[in-house]
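Structure below is input_15.tsv: TSV, C-alpha atoms.
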chain	number	residue	atom	x	y	z
Z	1	MET	CA	-26.17	-11.11	6.68
Z	2	ALA	CA	-23.27	-12.48	4.66
Z	3	SER	CA	-19.93	-10.81	5.20
Z	4	PRO	CA	-18.73	-8.54	2.40
Z	5	LEU	CA	-16.50	-9.94	-0.32
Z	6	PRO	CA	-12.82	-9.00	-0.14
Z	7	GLY	CA	-12.62	-5.58	-1.69
Z	8	THR	CA	-16.01	-4.44	-0.36
Z	9	SER	CA	-17.40	-2.76	2.77
Z	10	LYS	CA	-20.86	-2.28	4.19
Z	11	SER	CA	-22.82	0.34	2.26
Z	12	ASP	CA	-24.32	1.96	5.36
Z	13	HIS	CA	-20.95	3.15	6.63
Z	14	PRO	CA	-20.10	6.82	6.12
Z	15	VAL	CA	-16.77	7.03	4.30
Z	16	ALA	CA	-13.92	9.51	4.72
Z	17	TYR	CA	-11.60	9.56	1.71
Z	18	LEU	CA	-8.06	10.89	1.33
Z	19	THR	CA	-5.49	10.27	-1.37
Z	20	ASP	CA	-2.11	11.36	-2.74
Z	21	VAL	CA	-0.53	12.74	0.43
Z	22	GLU	CA	2.84	11.88	-1.18
Z	23	GLY	CA	4.97	12.27	1.93
Z	24	ILE	CA	3.56	15.65	3.01
Z	25	TRP	CA	2.45	15.33	6.63
Z	26	GLU	CA	0.47	18.57	6.58
Z	27	LYS	CA	-1.93	17.05	4.08
Z	28	LEU	CA	-2.78	14.27	6.52
Z	29	THR	CA	-3.10	16.59	9.53
Z	30	SER	CA	-5.29	19.11	7.70
Z	31	PHE	CA	-7.57	16.32	6.54
Z	32	CYS	CA	-7.98	15.12	10.12
Z	33	GLN	CA	-8.55	18.58	11.61
Z	34	ASP	CA	-12.20	19.03	12.67
Z	35	ASN	CA	-12.95	15.78	10.85
Z	36	PRO	CA	-16.05	14.03	12.26
Z	37	LEU	CA	-14.92	10.57	11.10
Z	38	VAL	CA	-11.10	10.48	11.33
Z	39	SER	CA	-8.80	12.01	13.95
Z	40	LEU	CA	-5.11	12.10	14.86
Z	41	GLU	CA	-4.77	11.30	18.54
Z	42	ASP	CA	-1.67	12.83	20.13
Z	43	GLY	CA	-0.87	14.20	16.68
Z	44	GLU	CA	0.26	10.78	15.42
Z	45	ARG	CA	-2.26	7.97	15.92
Z	46	LEU	CA	-4.94	7.90	13.22
Z	47	VAL	CA	-8.29	6.75	14.61
Z	48	VAL	CA	-11.50	6.08	12.67
Z	49	ARG	CA	-14.80	6.71	14.44
Z	50	PRO	CA	-16.92	3.62	15.17
Z	51	GLY	CA	-19.28	2.92	12.29
Z	52	ALA	CA	-17.18	4.78	9.72
Z	53	THR	CA	-14.71	3.69	7.04
Z	54	PHE	CA	-11.51	5.48	6.04
Z	55	VAL	CA	-10.26	4.89	2.50
Z	56	TYR	CA	-6.75	5.98	1.61
Z	57	GLY	CA	-6.52	6.13	-2.18
Z	58	GLY	CA	-2.80	5.57	-2.75
Z	59	ASP	CA	0.53	7.38	-3.28
Z	60	ALA	CA	1.73	7.78	0.30
Z	61	VAL	CA	5.31	8.77	-0.56
Z	62	ASP	CA	7.83	10.71	-2.66
Z	63	ARG	CA	7.14	14.45	-2.71
Z	64	GLY	CA	7.63	15.52	0.89
Z	65	PRO	CA	9.96	14.96	3.87
Z	66	ASP	CA	7.57	12.70	5.81
Z	67	SER	CA	7.11	9.60	3.66
Z	68	GLN	CA	8.20	7.16	6.36
Z	69	ARG	CA	5.97	8.87	8.92
Z	70	VAL	CA	2.94	8.80	6.62
Z	71	VAL	CA	3.43	5.12	5.78
Z	72	ARG	CA	3.88	4.15	9.44
Z	73	THR	CA	0.77	6.10	10.46
Z	74	LEU	CA	-1.46	4.59	7.76
Z	75	LEU	CA	-0.13	1.08	8.37
Z	76	ASP	CA	-0.65	1.40	12.12
Z	77	ALA	CA	-4.26	2.52	11.59
Z	78	TRP	CA	-4.90	-0.47	9.30
Z	79	ARG	CA	-3.41	-2.88	11.83
Z	80	ARG	CA	-5.56	-1.52	14.67
Z	81	GLN	CA	-8.79	-1.10	12.67
Z	82	PRO	CA	-8.52	-3.48	9.69
Z	83	SER	CA	-12.30	-3.56	9.12
Z	84	GLN	CA	-12.49	0.25	8.98
Z	85	VAL	CA	-9.29	1.23	7.15
Z	86	VAL	CA	-8.82	0.55	3.43
Z	87	LEU	CA	-5.43	1.12	1.80
Z	88	LEU	CA	-5.20	1.31	-1.98
Z	89	ALA	CA	-1.82	0.91	-3.66
Z	90	GLY	CA	-0.73	3.80	-5.85
Z	91	ASN	CA	1.98	3.81	-8.48
Z	92	ARG	CA	4.37	5.73	-6.21
Z	93	ASP	CA	3.96	2.99	-3.62
Z	94	ILE	CA	4.19	-0.04	-5.92
Z	95	ASN	CA	7.17	1.19	-7.92
Z	96	LYS	CA	9.36	0.98	-4.81
Z	97	LEU	CA	9.36	-2.80	-5.36
Z	98	ARG	CA	11.86	-2.11	-8.13
Z	99	LEU	CA	14.52	-0.77	-5.79
Z	100	VAL	CA	15.70	-4.01	-4.20
Z	101	ARG	CA	16.69	-5.47	-7.55
Z	102	GLU	CA	17.87	-2.30	-9.29
Z	103	LEU	CA	20.09	-1.25	-6.40
Z	104	ASN	CA	21.60	-4.72	-6.13
Z	105	GLY	CA	23.17	-5.19	-9.54
Z	106	HIS	CA	20.21	-5.23	-11.92
Z	107	PRO	CA	19.51	-1.63	-13.02
Z	108	LEU	CA	17.22	-0.92	-15.95
Z	109	ALA	CA	18.75	-1.43	-19.38
Z	110	LYS	CA	18.37	2.28	-20.17
Z	111	THR	CA	20.46	3.29	-17.15
Z	112	PRO	CA	23.52	5.28	-18.38
Z	113	ALA	CA	26.81	3.40	-18.09
Z	114	ASP	CA	28.39	5.98	-15.77
Z	115	VAL	CA	25.37	5.78	-13.46
Z	116	ARG	CA	25.24	1.99	-13.63
Z	117	GLY	CA	28.85	1.77	-12.53
Z	118	GLY	CA	28.74	4.59	-10.00
Z	119	PRO	CA	27.95	4.70	-6.28
Z	120	ARG	CA	24.51	3.58	-5.12
Z	121	PRO	CA	23.36	7.10	-4.19
Z	122	VAL	CA	24.04	8.28	-7.74
Z	123	LEU	CA	22.01	5.39	-9.12
Z	124	LEU	CA	19.11	5.97	-6.72
Z	125	ARG	CA	18.96	9.67	-7.54
Z	126	TRP	CA	18.87	8.78	-11.23
Z	127	ILE	CA	16.10	6.23	-10.71
Z	128	PHE	CA	13.94	8.73	-8.84
Z	129	ALA	CA	14.51	11.57	-11.30
Z	130	ASN	CA	14.26	9.63	-14.54
Z	131	THR	CA	11.99	6.63	-13.98
Z	132	MET	CA	9.77	7.39	-10.96
Z	133	GLY	CA	8.84	11.05	-11.33
Z	134	ALA	CA	10.23	11.67	-7.84
Z	135	ARG	CA	13.18	13.98	-8.37
Z	136	GLY	CA	13.28	15.22	-4.76
Z	137	ALA	CA	12.66	11.90	-3.02
Z	138	PHE	CA	16.32	11.25	-2.15
Z	139	ASP	CA	16.80	14.63	-0.46
Z	140	PHE	CA	13.41	14.43	1.24
Z	141	ARG	CA	14.43	11.10	2.79
Z	142	HIS	CA	17.75	12.58	3.91
Z	143	THR	CA	15.85	15.39	5.64
Z	144	GLU	CA	13.53	12.91	7.35
Z	145	LEU	CA	16.40	10.76	8.59
Z	146	THR	CA	18.40	13.70	9.96
Z	147	ARG	CA	15.59	14.49	12.40
Z	148	SER	CA	16.95	11.70	14.58
Z	149	GLY	CA	19.86	14.00	15.39
Z	150	SER	CA	22.51	11.56	14.16
Z	151	PRO	CA	24.72	12.16	11.12
Z	152	VAL	CA	23.22	10.70	7.94
Z	153	SER	CA	25.29	9.81	4.88
Z	154	GLU	CA	24.00	9.33	1.35
Z	155	GLU	CA	24.65	5.60	1.73
Z	156	ASP	CA	22.41	5.68	4.81
Z	157	VAL	CA	19.63	7.10	2.64
Z	158	VAL	CA	19.98	4.20	0.20
Z	159	ASP	CA	19.98	1.72	3.08
Z	160	SER	CA	16.80	3.23	4.50
Z	161	PHE	CA	14.87	2.52	1.29
Z	162	LEU	CA	16.17	-1.05	1.15
Z	163	GLU	CA	15.53	-1.71	4.84
Z	164	GLU	CA	11.90	-0.62	4.64
Z	165	LEU	CA	11.42	-3.14	1.80
Z	166	GLY	CA	13.12	-5.93	3.78
Z	167	PRO	CA	11.61	-8.22	6.44
Z	168	GLY	CA	9.79	-6.11	9.02
Z	169	GLY	CA	10.09	-3.00	6.88
Z	170	ALA	CA	7.18	-0.56	6.93
Z	171	MET	CA	6.86	-0.16	3.13
Z	172	ARG	CA	7.00	-3.92	2.66
Z	173	ASP	CA	4.19	-4.44	5.20
Z	174	TYR	CA	2.26	-1.46	3.83
Z	175	LEU	CA	2.19	-2.88	0.31
Z	176	ALA	CA	1.12	-6.26	1.70
Z	177	ALA	CA	-1.83	-4.52	3.40
Z	178	CYS	CA	-2.90	-2.66	0.26
Z	179	GLN	CA	-5.29	-3.66	-2.52
Z	180	LEU	CA	-6.12	-2.33	-5.99
Z	181	ALA	CA	-9.90	-1.91	-5.88
Z	182	HIS	CA	-12.53	-1.55	-3.19
Z	183	ARG	CA	-16.28	-1.27	-3.27
Z	184	ILE	CA	-18.48	0.33	-0.61
Z	185	GLY	CA	-22.17	0.21	-1.48
Z	186	ASN	CA	-22.63	1.88	-4.86
Z	187	THR	CA	-19.13	3.39	-4.90
Z	188	LEU	CA	-15.99	1.91	-6.49
Z	189	PHE	CA	-12.55	3.14	-5.40
Z	190	VAL	CA	-9.35	2.72	-7.43
Z	191	HIS	CA	-6.17	4.78	-7.50
Z	192	GLY	CA	-6.04	5.89	-11.12
Z	193	GLY	CA	-9.13	5.11	-13.15
Z	194	VAL	CA	-11.10	2.53	-15.09
Z	195	HIS	CA	-11.43	2.15	-18.85
Z	196	GLU	CA	-12.91	-0.41	-21.19
Z	197	ASP	CA	-9.61	-2.30	-21.29
Z	198	SER	CA	-9.13	-2.38	-17.50
Z	199	LEU	CA	-12.63	-2.84	-16.06
Z	200	GLU	CA	-13.43	-6.55	-15.65
Z	201	VAL	CA	-9.92	-7.46	-16.90
Z	202	VAL	CA	-7.28	-9.11	-14.68
Z	203	PRO	CA	-3.66	-9.55	-15.82
Z	204	ALA	CA	-2.79	-13.17	-16.69
Z	205	LEU	CA	-6.42	-14.16	-16.17
Z	206	GLY	CA	-8.32	-12.16	-18.75
Z	207	ARG	CA	-11.92	-11.05	-18.51
Z	208	VAL	CA	-13.89	-11.54	-15.30
Z	209	GLU	CA	-17.57	-10.61	-15.59
Z	210	GLY	CA	-19.18	-8.53	-12.85
Z	211	VAL	CA	-17.52	-5.74	-10.87
Z	212	ASP	CA	-17.47	-7.64	-7.58
Z	213	ALA	CA	-15.96	-10.80	-9.06
Z	214	TRP	CA	-13.47	-8.71	-11.03
Z	215	SER	CA	-12.47	-6.66	-7.99
Z	216	GLU	CA	-11.94	-9.80	-5.92
Z	217	ALA	CA	-9.87	-11.42	-8.69
Z	218	LEU	CA	-7.80	-8.26	-9.25
Z	219	ASN	CA	-7.02	-7.96	-5.55
Z	220	HIS	CA	-6.13	-11.66	-5.43
Z	221	TRP	CA	-3.72	-11.18	-8.34
Z	222	TYR	CA	-2.18	-8.21	-6.53
Z	223	ARG	CA	-1.68	-10.26	-3.36
Z	224	GLU	CA	-0.03	-13.02	-5.39
Z	225	GLN	CA	2.33	-10.51	-7.00
Z	226	VAL	CA	3.29	-8.93	-3.68
Z	227	GLY	CA	3.71	-12.43	-2.26
Z	228	ALA	CA	6.16	-13.23	-5.05
Z	229	PHE	CA	8.18	-10.17	-4.04
Z	230	LEU	CA	8.11	-11.09	-0.36
Z	231	GLU	CA	9.44	-14.55	-1.24
Z	232	GLY	CA	11.91	-13.24	-3.81
Z	233	ARG	CA	10.64	-15.63	-6.48
Z	234	LEU	CA	12.34	-15.48	-9.88
Z	235	GLY	CA	11.43	-17.08	-13.19
Z	236	PRO	CA	13.67	-19.60	-15.00
Z	237	ASP	CA	15.38	-16.74	-16.83
Z	238	GLY	CA	15.94	-14.76	-13.64
Z	239	THR	CA	13.07	-12.35	-14.25
Z	240	PRO	CA	11.30	-11.33	-11.02
Z	241	ALA	CA	7.93	-13.10	-10.66
Z	242	TRP	CA	6.43	-9.74	-9.62
Z	243	GLU	CA	7.44	-8.04	-12.87
Z	244	PRO	CA	3.80	-8.02	-14.12
Z	245	LEU	CA	2.80	-5.80	-11.17
Z	246	ILE	CA	5.66	-3.41	-11.98
Z	247	ALA	CA	4.34	-3.15	-15.55
Z	248	TYR	CA	0.74	-2.76	-14.35
Z	249	GLN	CA	1.51	0.31	-12.24
Z	250	ALA	CA	3.51	2.09	-14.95
Z	251	PRO	CA	2.50	4.09	-18.02
Z	252	THR	CA	2.39	2.31	-21.34
Z	253	PRO	CA	5.83	2.83	-22.97
Z	254	GLY	CA	5.84	6.10	-24.88
Z	255	LYS	CA	2.68	7.40	-23.21
Z	256	HIS	CA	1.63	9.15	-20.02
Z	257	VAL	CA	-1.20	6.77	-19.23
Z	258	ASN	CA	-1.95	3.06	-19.04
Z	259	THR	CA	-5.63	2.50	-19.76
Z	260	ALA	CA	-5.26	-1.23	-19.04
Z	261	SER	CA	-4.40	-0.41	-15.42
Z	262	VAL	CA	-6.59	0.87	-12.58
Z	263	VAL	CA	-3.40	2.24	-11.01
Z	264	TYR	CA	-2.06	4.29	-13.92
Z	265	GLY	CA	-5.27	4.90	-15.83
Z	266	ARG	CA	-6.43	8.52	-15.84
Z	267	MET	CA	-9.96	9.89	-15.87
Z	268	ALA	CA	-8.72	12.93	-17.79
Z	269	ASN	CA	-7.41	14.06	-21.14
Z	270	GLU	CA	-3.80	14.79	-22.08
Z	271	ARG	CA	-3.95	18.14	-20.22
Z	272	ASN	CA	-5.33	16.44	-17.06
Z	273	HIS	CA	-8.77	17.98	-17.53
Z	274	PRO	CA	-11.18	15.48	-15.94
Z	275	GLY	CA	-13.81	13.71	-18.00
Z	276	LEU	CA	-16.59	11.21	-17.41
Z	277	PRO	CA	-16.18	7.60	-18.51
Z	278	SER	CA	-17.84	6.52	-21.74
Z	279	PRO	CA	-21.58	5.78	-21.65
Z	280	ALA	CA	-20.78	2.10	-22.26
Z	281	LEU	CA	-18.48	1.94	-19.25
Z	282	ILE	CA	-21.00	3.73	-17.04
Z	283	ALA	CA	-23.59	1.17	-18.15
Z	284	THR	CA	-21.24	-1.69	-17.26
Z	285	LEU	CA	-20.73	-0.25	-13.79
Z	286	ALA	CA	-24.46	0.33	-13.36
Z	287	ARG	CA	-25.23	-3.32	-14.14
Z	288	SER	CA	-23.27	-4.17	-10.99
Z	289	GLY	CA	-24.93	-1.43	-8.96
Z	290	ILE	CA	-21.99	1.01	-9.16
Z	291	HIS	CA	-23.10	4.63	-9.53
Z	292	ARG	CA	-19.99	6.42	-8.31
Z	293	LEU	CA	-16.28	6.10	-9.13
Z	294	VAL	CA	-13.70	7.75	-6.84
Z	295	VAL	CA	-10.08	8.16	-7.95
Z	296	GLY	CA	-6.88	10.05	-7.20
Z	297	HIS	CA	-3.63	9.98	-9.19
Z	298	THR	CA	-4.42	12.87	-11.57
Z	299	PRO	CA	-4.25	16.46	-10.24
Z	300	SER	CA	-7.36	18.54	-10.86
Z	301	GLY	CA	-6.90	21.78	-8.96
Z	302	ASP	CA	-7.16	22.62	-5.28
Z	303	CYS	CA	-10.31	20.69	-4.38
Z	304	PRO	CA	-12.04	17.54	-5.62
Z	305	SER	CA	-13.74	17.56	-9.01
Z	306	VAL	CA	-17.20	16.01	-8.99
Z	307	LEU	CA	-18.46	15.16	-12.49
Z	308	ARG	CA	-22.04	14.00	-12.95
Z	309	GLU	CA	-24.40	12.62	-15.54
Z	310	GLU	CA	-27.87	11.57	-14.42
Z	311	ALA	CA	-27.37	8.96	-11.66
Z	312	PHE	CA	-23.58	8.57	-12.08
Z	313	GLU	CA	-20.73	10.48	-10.40
Z	314	LEU	CA	-17.00	10.56	-11.00
Z	315	ILE	CA	-14.96	12.13	-8.19
Z	316	CYS	CA	-11.34	13.06	-8.86
Z	317	ALA	CA	-9.78	13.86	-5.49
Z	318	ASP	CA	-6.00	13.93	-5.97
Z	319	ASN	CA	-4.42	16.30	-3.42
Z	320	SER	CA	-1.08	16.81	-5.19
Z	321	TYR	CA	0.22	19.87	-7.04
Z	322	GLY	CA	-2.39	22.20	-5.57
Z	323	ARG	CA	-1.92	25.91	-4.95
Z	324	VAL	CA	-2.92	25.62	-1.30
Z	325	GLU	CA	-1.35	23.77	1.61
Z	326	GLY	CA	-3.18	20.89	3.17
Z	327	ALA	CA	-5.81	18.54	1.76
Z	328	SER	CA	-9.52	18.75	1.09
Z	329	GLN	CA	-12.06	16.71	3.02
Z	330	LEU	CA	-14.32	14.29	1.17
Z	331	PHE	CA	-17.12	12.32	2.81
Z	332	LEU	CA	-19.36	9.82	1.06
Z	333	ARG	CA	-22.56	7.89	1.57
Z	334	ASP	CA	-24.48	5.94	-1.01
Z	335	ASP	CA	-26.90	8.83	-1.49
Z	336	SER	CA	-24.64	11.89	-1.13
Z	337	VAL	CA	-21.19	13.43	-1.15
Z	338	TYR	CA	-19.75	16.23	0.99
Z	339	VAL	CA	-16.75	18.30	-0.10
Z	340	ALA	CA	-14.84	20.90	1.91
Z	341	GLY	CA	-11.61	22.60	0.86
Z	342	ARG	CA	-9.72	25.77	0.04
Z	343	VAL	CA	-8.87	27.13	-3.38
Z	344	LYS	CA	-6.63	29.88	-4.68
Z	345	LEU	CA	-8.19	31.83	-7.55
Z	346	GLU	CA	-6.35	33.37	-10.48
Z	347	ASN	CA	-6.29	36.76	-8.76
Z	348	GLY	CA	-4.56	35.21	-5.74
Z	349	ARG	CA	-7.61	35.33	-3.48
Z	350	LEU	CA	-8.12	32.38	-1.14
Z	351	GLU	CA	-11.66	31.03	-0.94
Z	352	HIS	CA	-13.42	28.11	0.69
Z	353	VAL	CA	-15.63	25.68	-1.18
Z	354	HIS	CA	-17.95	23.34	0.63
Z	355	PHE	CA	-21.16	21.61	-0.33
Z	356	GLN	CA	-23.28	18.52	0.20
Z	357	LEU	CA	-24.71	17.02	-2.95
Z	358	ALA	CA	-27.33	14.31	-3.29
Z	359	LEU	CA	-26.70	11.64	-5.90
Z	360	GLY	CA	-28.69	12.46	-9.03
Z	361	ASP	CA	-29.67	15.99	-7.90
Z	362	ALA	CA	-30.06	17.91	-11.16
Z	363	SER	CA	-31.14	21.17	-9.53
Z	364	VAL	CA	-27.57	22.52	-9.17
Z	365	PRO	CA	-24.86	22.94	-11.84
Z	366	ILE	CA	-22.12	21.16	-9.86
Z	367	GLY	CA	-20.35	18.57	-11.97
Z	368	ARG	CA	-21.35	19.95	-15.36
Z	369	GLN	CA	-19.23	22.05	-17.71
Z	370	LEU	CA	-19.75	25.07	-19.94
Z	371	LEU	CA	-20.11	23.76	-23.47
Z	372	ASP	CA	-18.34	26.72	-25.08
Z	373	THR	CA	-15.26	26.88	-22.83
Z	374	GLY	CA	-15.09	23.43	-21.23
Z	375	GLN	CA	-14.90	24.95	-17.74
Z	376	LEU	CA	-16.12	22.59	-15.03
Z	377	VAL	CA	-18.47	23.90	-12.33
Z	378	LYS	CA	-16.79	22.61	-9.18
Z	379	GLY	CA	-18.95	24.04	-6.42
Z	380	PRO	CA	-20.08	27.13	-4.52
Z	381	LEU	CA	-17.55	29.51	-2.99
Z	382	THR	CA	-18.17	31.25	0.33
Z	383	SER	CA	-18.35	34.52	-1.63
Z	384	GLY	CA	-21.54	33.27	-3.28
Z	385	ASP	CA	-19.94	32.75	-6.68
Z	386	TRP	CA	-19.49	29.42	-8.43
Z	387	LEU	CA	-15.97	28.00	-8.79
Z	388	LEU	CA	-15.04	27.18	-12.39
Z	389	PHE	CA	-12.08	24.95	-13.20
Z	390	ARG	CA	-10.21	24.19	-16.38
Z	391	ALA	CA	-6.93	22.42	-17.11
Z	392	LEU	CA	-4.69	24.32	-19.53
Z	393	PRO	CA	-1.71	23.31	-21.69
Z	394	GLN	CA	1.62	22.53	-20.02
Z	395	PHE	CA	-0.21	21.34	-16.88
Z	396	HIS	CA	-1.39	24.79	-15.84
Z	397	VAL	CA	-4.86	25.19	-14.36
Z	398	GLU	CA	-7.44	27.94	-14.23
Z	399	GLN	CA	-9.69	28.56	-11.21
Z	400	LEU	CA	-12.18	31.42	-11.62
Z	401	PRO	CA	-15.30	32.66	-9.84
Z	402	MET	CA	-18.52	33.22	-11.77
Z	403	ALA	CA	-21.59	34.98	-10.47
Z	404	PRO	CA	-24.76	32.83	-10.32
Z	405	SER	CA	-26.57	35.29	-12.59
Z	406	THR	CA	-23.87	34.92	-15.24
Z	407	LEU	CA	-23.76	31.15	-14.99
Z	408	ALA	CA	-27.55	30.99	-15.34
Z	409	GLY	CA	-27.23	32.37	-18.87
Z	410	ARG	CA	-24.67	29.82	-20.03
Z	411	THR	CA	-25.25	26.41	-21.58
Z	412	LEU	CA	-24.07	23.45	-19.51
Z	413	GLY	CA	-23.56	19.82	-20.46
Z	414	PRO	CA	-21.90	16.63	-19.21
Z	415	ALA	CA	-18.14	16.83	-18.65
Z	416	ARG	CA	-17.40	14.27	-21.32
Z	417	THR	CA	-13.79	15.13	-22.03
Z	418	SER	CA	-11.91	12.30	-23.73
Z	419	ALA	CA	-10.11	10.35	-21.05
Z	420	HIS	CA	-7.38	9.07	-23.39
Spell out the structure here as C-alpha cells.
Amino acid sequence: MASPLPGTSKSDHPVAYLTDVEGIWEKLTSFCQDNPLVSLEDGERLVVRPGATFVYGGDAVDRGPDSQRVVRTLLDAWRRQPSQVVLLAGNRDINKLRLVRELNGHPLAKTPADVRGGPRPVLLRWIFANTMGARGAFDFRHTELTRSGSPVSEEDVVDSFLEELGPGGAMRDYLAACQLAHRIGNTLFVHGGVHEDSLEVVPALGRVEGVDAWSEALNHWYREQVGAFLEGRLGPDGTPAWEPLIAYQAPTPGKHVNTASVVYGRMANERNHPGLPSPALIATLARSGIHRLVVGHTPSGDCPSVLREEAFELICADNSYGRVEGASQLFLRDDSVYVAGRVKLENGRLEHVHFQLALGDASVPIGRQLLDTGQLVKGPLTSGDWLLFRALPQFHVEQLPMAPSTLAGRTLGPARTSAH
C-alpha cells in the first residue's frame, strides 16, 4: 500500500480530537482522563495508543497560565510519535510570529506613539490586548514563569516570548511541526473552516483542484512561510517574507472572519451560531471522498456541535469560552463519531451529554435544528432530555433541555445558518 500523502493519515485509525486548549492545562488533563486513545503518563507525557491518531486542532496558547507547558507537551508527543500525532496551527499560535519583529523596532503602524516609544512590556501588553485578542496573556505568562520560584520582572516576560521564538525555542519548533490541513479517511481537519474562496485555493499559487492535492500544496506553502521566518528572510523593501502567513491567519480588515483562510474562516454566522457549508461546497468535498469536516476556532457552547445533512457532517469542537471546566472528548472513525462532555444549562444544572452516532443515521435528531427557533439539537442528556443550543446576540449562548415528546412534535431541518 502506498504511504499517505503529507496531510493525510490511514482511514482505519481511530482518531482522538482536541482543540483550543489556549494555555489551560485542565482542558488537556480532562481530555486525557479515562481516554481510551490518549493518556498523560506521570501527569505530563502525552502518549497515543498504538493504532490510534491524535489530532490537535490549534490554538495552544494565550488564555491560561500554562501556555508553555501545553506547547512543550504537544511538541514532545509529536516528536516521539510523529506518525500518530497531528498538530494544526491556529491563529493564536501563528500570530506569535509577529512578536520578534514588532518587539524589535518595527511595531504596527497603528501602534500609539506613546506605546511605540515606551518600554517593551507596555508594547507587548498593547499588542496582546489590541491586536491578538489575548488581553491576559502577559499576566498569564508572568504567573507561569514565577512557578520556578525565582523573581520574574516584566522584561523577563518579554524575553520569554522572544526566546521561545528563537533557535531551540519551543514555540518556534512547535510551529515548524504544525500544518494547516489534514485528512484522515473521509474526514478533513482544519482550524477555522472552509469556504468557496478557501477550499482548493493556495495563497500565491491560486486554485489547486482536488482536496488532497490542495491540502498538500497548502501545507507546503505553510512550511515555506515558516521556513522564511526561521531564516529571517526579508524582501527588497524590508518586508518579512512570512508576511503572507501573518495575513492568512488574521481576519479580513474590518471584519471578524477571513473566508479565504482555513485558519480564520468560521463555520458560523455573525453570532457564532454554527451552520453547514453550502451545498456546492459539500459537493466539492464529496467529489474527493470527504464526508466530514472537523473544526475548532469558533466557540459553540460546552460540548461539540455536530451538524448533519444526509451523508455529510460538520463538527465544531472548540473548547474555549465554555461554562464548564475541562474539555469534551471527541472520537472519530470513518463511519461514526463519539462525543462525551458536560454542559451547564440555563437553570445552572450540570448535565452530561454522550452519544455515538453513525454517519448518515437519520433516525435521531442530532445535528438538525428547529426551523422556527433555530435551536440546534446537540445530543441526549443523561436526564433523558435532548440538549438544545442556540447562539444569541453579544456572544451569549442558550443551552436548554427539551423532552423527547416535545421535540417529536417540532419541525426539524438542516442547520443551514449562513456562515458569513
### Task
Within 7 Å of (-19.1, 0.5, -11.3) (coordinates as in the file), grab all the protein and nucleic acid residues, counting all atoms listed in the file, and write them out as number ranges by chain.
Z: 188, 211, 282, 284-286, 288-293
### Message
as an MDAnalysis selection string, please: the residues near Thr382 (chain Z) (cut-off 12 Å, only C-alpha atoms, same-chain neighbours under 4 positions excluded).
### Response
chainID Z and resid 340:343 349:355 386:387 401 403
For C-alpha atoms, I'd like the residues from the last selection saved as an mmCIF file, in the frame of the given file.
data_model
loop_
_atom_site.group_PDB
_atom_site.id
_atom_site.type_symbol
_atom_site.label_atom_id
_atom_site.label_comp_id
_atom_site.auth_asym_id
_atom_site.auth_seq_id
_atom_site.Cartn_x
_atom_site.Cartn_y
_atom_site.Cartn_z
ATOM 1 C CA ALA Z 340 -14.840 20.900 1.910
ATOM 2 C CA GLY Z 341 -11.610 22.600 0.860
ATOM 3 C CA ARG Z 342 -9.720 25.770 0.040
ATOM 4 C CA VAL Z 343 -8.870 27.130 -3.380
ATOM 5 C CA ARG Z 349 -7.610 35.330 -3.480
ATOM 6 C CA LEU Z 350 -8.120 32.380 -1.140
ATOM 7 C CA GLU Z 351 -11.660 31.030 -0.940
ATOM 8 C CA HIS Z 352 -13.420 28.110 0.690
ATOM 9 C CA VAL Z 353 -15.630 25.680 -1.180
ATOM 10 C CA HIS Z 354 -17.950 23.340 0.630
ATOM 11 C CA PHE Z 355 -21.160 21.610 -0.330
ATOM 12 C CA TRP Z 386 -19.490 29.420 -8.430
ATOM 13 C CA LEU Z 387 -15.970 28.000 -8.790
ATOM 14 C CA PRO Z 401 -15.300 32.660 -9.840
ATOM 15 C CA ALA Z 403 -21.590 34.980 -10.470
#
### Task
Could you check which of Z:Ala134, Z:Thr373, Z:Gly105, Z:Met171 is closest to Arg72 (chain Z), using only C-alpha atoms?
Z:Met171
Output as JSON lines one row per residue of region 168-245 of chain Z within 6 Å of region 86-96 of chain Z: the closest atom pair and its distance in Å to one decimal place, counting only C-alpha atoms, sorted by chain and residue number ascending.
{"residue": "Z:Cys178", "atom": "CA", "partner": "Z:Leu87", "partner_atom": "CA", "distance": 4.8}
{"residue": "Z:Gln179", "atom": "CA", "partner": "Z:Leu88", "partner_atom": "CA", "distance": 5.0}
{"residue": "Z:Leu180", "atom": "CA", "partner": "Z:Leu88", "partner_atom": "CA", "distance": 5.5}
{"residue": "Z:His191", "atom": "CA", "partner": "Z:Gly90", "partner_atom": "CA", "distance": 5.8}
### Message
So, with all atoms listed in the file as the atoms that count, which of Z:Ser67, Z:Thr73, Z:Asn104, Z:Gln356 lies closest to Gly23 (chain Z)?
### Response
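Closest residue, counting all atoms listed in the file: Z:Ser67.
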### Task
Provide the CA of Val152 (chain Z) to CA of Arg120 (chain Z) distance in Å, to one decimal place.
14.9 Å
### Task
Please measure the separation of CA of Asp59 (chain Z) and CA of Thr131 (chain Z), giving the value in Å to one decimal.
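Between CA of Asp59 (chain Z) and CA of Thr131 (chain Z) the gap works out to 15.7 Å.
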### Message
Just the number, please: distance in Å from CA of Met267 (chain Z) to CA of His297 (chain Z), one decimal.
### Response
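That distance, rounded to one decimal, is 9.2 Å.
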### Task
Pick out the closest residue to Leu371 (chain Z) from this set: Z:Leu332, Z:Leu412, Z:Ala181, Z:Ala217. Count all atoms listed in the file.
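Going through Z:Leu332, Z:Leu412, Z:Ala181, Z:Ala217 one by one, the smallest distance to Leu371 (chain Z) is for Z:Leu412.
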### Task
For Leu46 (chain Z), list every protein, DNA or RNA residue within 7 Å, evaluated using all atoms listed in the file, and leave out those in the same chain fewer than 6 positions away; present the list as a ChimeraX atom specification.
/Z:38-40,73,77
### Task
Please identify all polymer residues within 8 Å of region 224-238 of chain Z, counting only C-alpha atoms, omitting same-chain residues fewer than 5 positions from it, and present them as number ranges by chain.
Z: 97, 172, 175-176, 244-245
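Taking only C-alpha atoms into account, Gln68 (chain Z) lies nearest to Z:Gly169 out of the set Z:Gly169, Z:Pro274, Z:Gly413, Z:Pro393.
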### Query
From the set Z:Phe312, Z:Pro404, Z:Phe138, Z:Val48, which residue has the shortest atom-to-atom contact distance to Ser153 (chain Z), counting all atoms listed in the file?
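Selected residue with least distance to Ser153 (chain Z): Z:Phe138.
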### Query
From the list Z:Arg287, Z:Leu124, Z:Tyr222, Z:Leu392, which residue is nearest Glu209 (chain Z) when using only C-alpha atoms?
Z:Arg287
